[in-house]
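Q: Have a look at this one before I ask anything.
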Amino acid sequence: MSTILAAAPQAVWLQPRPLARCPSSFLLLPLLPSQPELKPLPSEVWSNILAHTFAFYGPKGSFAEAEAVRLRLGLLLISKEIHAVALPLFYARIHVSSLRVLEKLTARLYAADQQWDSIRRIPYSAPGRWIQTLDISALRCGTLEDAYRVDSLLNRISSLLPFMTNFVVSPQVALSRRVMSSFAERDGASNLRALKGIQLRTSGQLSEDAFVDLLRACTRLEELEIFGTGVDTAELSVAQEGTFHPPPHFHPLQLPFLRRLAVLSMPTSPVLRALMHSPLPALRHLTLTPYDEVSVPASLIPRFIATHGALLTSLYLHTVKQWPTALFPSPTTLLETCPSLKHLSLELPLPHLKLSTDYHQELEILSVARPSPEFLTILEGLLPKLPNLRFVRARDVKWLRGGMSARAQQAGVQGEMLVWRRKLGRRGIQFLDAEWKTGTE
């Protein structure tokens, strides 16, 4: 039997007796309809697919770090076409877990930049221009030599990251003036959107520092998180003249897009003073460590809240847990200075909140560190002025697990939580624990 392919590639003719005088032919009919040839997906579609895949294999996924790195590297080896699309995504989010990894990354970026020539269409070298997020929050420096090495490496690669939008630092890594100046003077400094984990020294000096200059260059910044060094009683026991006023020849910062700000363990500093005297029209979420002006005369925290509290929708008062932990009073006029708050989280000692106006229409969630009978009395007096309050949360305690005895569930803070739940439930307000559970599940 012979097979004859006709002109049409779909037609197949069979000749069972090709040597016969009058050979016959039969058309071979396919049992299934022919499948059309698939069109190749555009690179943009592959980029979206691989972006979700890399995010799944990221540090927040369900894989261990070593396994996630192996899986991300495996995506680069599928094919040349996939490699061309996946390589920029591989470098888009860099998470540095050790000094050795940072050294390798610096060597790779520096070597690629040295091989880049001016004839190319793009002036910035790859893979440096692909990096959008640089996260060194897991980096630990055990010695001063390691800290100096990290500082030198960051200073070396700062100019090689023109399109970096997120920079996350470990609070244990203090950046020098040299690094801050290099990040402020690099090309693309205005592209930075999030700056987190920056450690600065608490200081009552009135002159600006290098970090203020960095903020002047980051005009599109949306999220800022800074950590101070706590209270220095020798320096902050007396407020200097001009502490609460802008320094001479001060030019306000231009941060029109800053919507999240966290300032922890920092009663005063040049950057806090600069932010207080600058317009922040987009600021909606504020996290602070409370310091009152009686205990810390140089504290800027109460004035900062009064200055930028009008548009806030979320105010979180939090003290970093360290030994020894010093707790300072919070302002009692938070509901008056922040009329747009939807979520207010209070720190110990719980303040005696006051509200001179008739109503606070916006507040929906009130969080306290631990419930106490004294603050419950204050809260019950405020409830008629809080018509939209729906949830009260104890953020540092949890309900006891099921199976515990009734006596255990009514002892200590658990008993106080039951009292809060019963009294608030009568007004249609749910009482939640640290895991946002009602305790009735």
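Residue names in the structure tokens use chain letters A, B, ... in the order shown, residue numbers from 1 in each chain, and ligand numbers from 1 in the order shown.
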Identify all residues of range 169-379 of chain A in alpha helix (DSSP H) (DSSP on the backbone) and supply them as JSON, numbers by chain.
A: {"A": [177, 178, 179, 180, 181, 182, 183, 184, 185, 210, 211, 212, 213, 214, 215, 216, 217, 233, 234, 235, 236, 270, 271, 272, 273, 274, 275, 276, 301, 302, 303, 304, 305, 306, 307, 308, 334, 335, 336, 337, 373, 374, 375, 376, 377, 378, 379]}
Q: Excluding range 211-216 of chain A and its own-chain neighbours fewer than 6 positions away, which residues fall within 10 Å of it when counting only C-alpha atoms? Please give them as a ChimeraX atom specification.
A: /A:175-177,179-185,189-190,192,195,198,200,224,251-255,270-275
Q: Can those selected residues be exported to a file as a compact mmCIF listing (two decimals), in the first residue's frame so that it contains N, CA, C and O atoms?
A:
# COMPACT_ATOMS: atom_id res chain seq x y z
N LEU A 175 22.54 53.65 58.15
CA LEU A 175 23.13 54.19 56.93
C LEU A 175 23.94 55.44 57.25
O LEU A 175 23.51 56.30 58.03
N SER A 176 25.09 55.55 56.62
CA SER A 176 25.96 56.70 56.85
C SER A 176 25.52 57.88 55.99
O SER A 176 24.69 57.75 55.08
N ARG A 177 26.09 59.03 56.26
CA ARG A 177 25.82 60.22 55.43
C ARG A 177 26.26 59.98 54.00
O ARG A 177 25.65 60.48 53.06
N VAL A 179 26.17 57.16 52.23
CA VAL A 179 25.18 56.38 51.51
C VAL A 179 23.94 57.22 51.21
O VAL A 179 23.39 57.20 50.10
N MET A 180 23.47 57.98 52.21
CA MET A 180 22.29 58.81 51.99
C MET A 180 22.53 59.85 50.90
O MET A 180 21.66 60.10 50.05
N SER A 181 23.72 60.44 50.89
CA SER A 181 24.03 61.42 49.85
C SER A 181 24.13 60.78 48.49
O SER A 181 23.68 61.37 47.48
N SER A 182 24.68 59.58 48.41
CA SER A 182 24.79 58.91 47.11
C SER A 182 23.41 58.53 46.57
O SER A 182 23.17 58.63 45.36
N PHE A 183 22.48 58.11 47.44
CA PHE A 183 21.13 57.81 46.97
C PHE A 183 20.38 59.08 46.58
O PHE A 183 19.54 59.05 45.68
N ALA A 184 20.67 60.20 47.25
CA ALA A 184 19.99 61.45 46.91
C ALA A 184 20.49 62.03 45.60
O ALA A 184 19.72 62.67 44.87
N GLU A 185 21.76 61.82 45.28
CA GLU A 185 22.35 62.43 44.09
C GLU A 185 22.33 61.52 42.87
O GLU A 185 22.74 61.95 41.80
N ALA A 189 16.46 59.41 41.47
CA ALA A 189 16.12 59.48 42.89
C ALA A 189 14.64 59.76 43.09
O ALA A 189 14.04 59.31 44.07
N SER A 190 14.04 60.47 42.15
CA SER A 190 12.62 60.79 42.27
C SER A 190 11.72 59.59 42.01
O SER A 190 10.51 59.67 42.24
N LEU A 192 11.82 56.81 43.62
CA LEU A 192 11.63 56.04 44.85
C LEU A 192 10.22 56.27 45.39
O LEU A 192 9.76 57.40 45.56
N LEU A 195 10.33 53.85 51.26
CA LEU A 195 11.60 53.86 51.98
C LEU A 195 11.30 53.41 53.40
O LEU A 195 10.65 54.13 54.16
N ILE A 198 14.56 52.71 57.98
CA ILE A 198 15.71 53.59 58.13
C ILE A 198 15.91 53.93 59.61
O ILE A 198 14.99 54.37 60.30
N LEU A 200 17.65 56.32 62.34
CA LEU A 200 18.26 57.63 62.52
C LEU A 200 18.44 57.89 64.00
O LEU A 200 17.68 57.41 64.84
N LEU A 224 6.97 55.96 54.02
CA LEU A 224 8.21 56.25 54.73
C LEU A 224 8.13 55.65 56.13
O LEU A 224 7.14 55.85 56.84
N HIS A 251 13.25 75.45 53.79
CA HIS A 251 12.38 75.27 52.64
C HIS A 251 11.58 73.98 52.85
O HIS A 251 12.17 72.91 53.04
N PRO A 252 10.26 74.06 52.85
CA PRO A 252 9.45 72.85 53.11
C PRO A 252 9.73 71.74 52.11
O PRO A 252 10.08 71.98 50.94
N LEU A 253 9.61 70.52 52.59
CA LEU A 253 9.76 69.35 51.72
C LEU A 253 8.58 69.26 50.76
O LEU A 253 7.45 69.60 51.10
N GLN A 254 8.85 68.77 49.58
CA GLN A 254 7.81 68.59 48.57
C GLN A 254 7.51 67.09 48.47
O GLN A 254 8.14 66.35 47.72
N LEU A 255 6.52 66.65 49.27
CA LEU A 255 6.10 65.25 49.30
C LEU A 255 4.60 65.18 49.09
O LEU A 255 3.83 64.81 50.00
N PRO A 270 15.84 66.17 63.28
CA PRO A 270 15.71 67.13 62.17
C PRO A 270 14.70 66.71 61.12
O PRO A 270 13.96 67.55 60.59
N VAL A 271 14.61 65.41 60.81
CA VAL A 271 13.66 64.97 59.79
C VAL A 271 12.23 65.09 60.30
O VAL A 271 11.31 65.48 59.54
N LEU A 272 12.00 64.81 61.58
CA LEU A 272 10.65 64.96 62.13
C LEU A 272 10.23 66.43 62.14
O LEU A 272 9.07 66.76 61.85
N ARG A 273 11.16 67.31 62.43
CA ARG A 273 10.85 68.74 62.41
C ARG A 273 10.58 69.20 60.98
O ARG A 273 9.67 70.01 60.74
N ALA A 274 11.35 68.69 60.02
CA ALA A 274 11.13 69.08 58.63
C ALA A 274 9.77 68.59 58.13
O ALA A 274 9.06 69.31 57.41
N LEU A 275 9.39 67.36 58.51
CA LEU A 275 8.09 66.84 58.10
C LEU A 275 6.95 67.61 58.77
O LEU A 275 5.89 67.81 58.16
Q: Env of range 374-390 of chain A: 6 Å cut, atoms = only C-alpha atoms, seq-sep filter 2 positions within chain, self excluded. Answer as number ranges by chain.
A: A: 359-360, 363-364, 372, 429
Q: Export, as a tab-separated table (two decimals), in the first residue's frame, the selected residues with N, CA, C and O atoms.
A:
chain	number	residue	atom	x	y	z
A	359	TYR	N	-20.39	65.11	67.95
A	359	TYR	CA	-20.23	63.77	67.39
A	359	TYR	C	-18.87	63.66	66.68
A	359	TYR	O	-18.30	64.66	66.22
A	360	HIS	N	-18.39	62.43	66.61
A	360	HIS	CA	-17.26	62.07	65.74
A	360	HIS	C	-17.82	61.04	64.76
A	360	HIS	O	-17.93	59.86	65.07
A	363	LEU	N	-15.23	57.59	63.07
A	363	LEU	CA	-14.53	56.51	63.75
A	363	LEU	C	-15.34	55.21	63.70
A	363	LEU	O	-16.49	55.16	64.13
A	364	GLU	N	-14.71	54.15	63.16
A	364	GLU	CA	-15.35	52.84	63.04
A	364	GLU	C	-14.64	51.76	63.86
A	364	GLU	O	-15.29	50.82	64.32
A	372	SER	N	-9.00	47.57	80.09
A	372	SER	CA	-8.95	47.90	81.52
A	372	SER	C	-10.29	48.48	81.94
A	372	SER	O	-10.97	49.13	81.13
A	429	ILE	N	-21.78	46.76	69.25
A	429	ILE	CA	-20.36	46.89	68.93
A	429	ILE	C	-19.68	45.56	69.22
A	429	ILE	O	-19.84	44.99	70.30
Q: Counting only C-alpha atoms, what is within 12 Å of Pro30 in chain A, bar same-chain residues fewer than 4 positions away, as a PDB file with C-alpha atoms, in the first residue's frame?
A:
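Writing done, so here's result12.pdb:
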ATOM      1  CA  GLN A  10      -4.819  18.124   4.852  1.00  0.00           C
ATOM      2  CA  ALA A  11      -5.756  15.517   2.189  1.00  0.00           C
ATOM      3  CA  VAL A  12      -4.213  12.012   2.398  1.00  0.00           C
ATOM      4  CA  TRP A  13      -5.034   9.380  -0.326  1.00  0.00           C
ATOM      5  CA  SER A  34      -8.003  19.364  12.588  1.00  0.00           C
ATOM      6  CA  GLN A  35      -6.625  21.675  15.251  1.00  0.00           C
TER       7      GLN A  35
END
Q: For a quick check of understanding, using only C-alpha atoms, which of A:Leu105, A:Leu153, A:Ile226, A:Leu283 has the smallest distance to Ser170 in chain A?
A: A:Ile226
Q: So what do you get for CA of Leu221 in chain A versus CA of Leu258 in chain A, distance-wise?
A: 5.5 Å
Q: Quick one: residues within 7 Å of Ile365 in chain A, only C-alpha atoms, excluding same-chain residues fewer than 6 positions away - as a ChimeraX atom specification?
A: /A:342-344,389-392
Q: Could you pull out the strand (DSSP E or B) residues of range 55-251 of chain A from DSSP and send them as a list in words?
A: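 For range 55-251 of chain A, the strand (DSSP E or B) set is Arg93, Ile94, His95, Thr133, Leu134, Asp135, Ile136, Asn166, Phe167, Val168, Val169, Ala194, Leu195, Lys196, Gly197, Ile198, Gln199, Glu223, Leu224, Glu225, Ile226 and Phe227 of chain A.
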Q: Hey, what's within 12 Å of Asn48 in chain A if we count only C-alpha atoms and toss same-chain stuff fewer than 6 positions away? As a PyMOL selection string, please?
A: chain A and resi 41-42+54-55+85-86+89
Q: Filtering to N, CA and C atoms, could you give me those residues as a short mmCIF file (atom, residue, chain, number, x, y, z; two decimals), in the first residue's frame?
A:
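Output contents, as saved in again31.cif:
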data_model
loop_
_atom_site.label_atom_id
_atom_site.label_comp_id
_atom_site.auth_asym_id
_atom_site.auth_seq_id
_atom_site.Cartn_x
_atom_site.Cartn_y
_atom_site.Cartn_z
N LEU A 41 1.91 33.51 22.09
CA LEU A 41 1.46 34.56 22.99
C LEU A 41 2.41 35.76 22.92
N PRO A 42 1.86 36.96 22.98
CA PRO A 42 2.74 38.15 23.00
C PRO A 42 3.60 38.15 24.26
N PHE A 54 6.63 34.54 39.72
CA PHE A 54 7.72 35.00 40.58
C PHE A 54 7.20 35.50 41.92
N ALA A 55 6.03 36.14 41.93
CA ALA A 55 5.45 36.59 43.19
C ALA A 55 5.07 35.39 44.07
N VAL A 85 12.11 37.04 28.63
CA VAL A 85 11.03 37.72 29.35
C VAL A 85 11.22 37.60 30.85
N ALA A 86 11.72 36.47 31.32
CA ALA A 86 11.80 36.20 32.76
C ALA A 86 13.00 36.86 33.43
N LEU A 89 12.25 40.09 35.21
CA LEU A 89 11.40 39.83 36.37
C LEU A 89 12.18 39.18 37.50
#
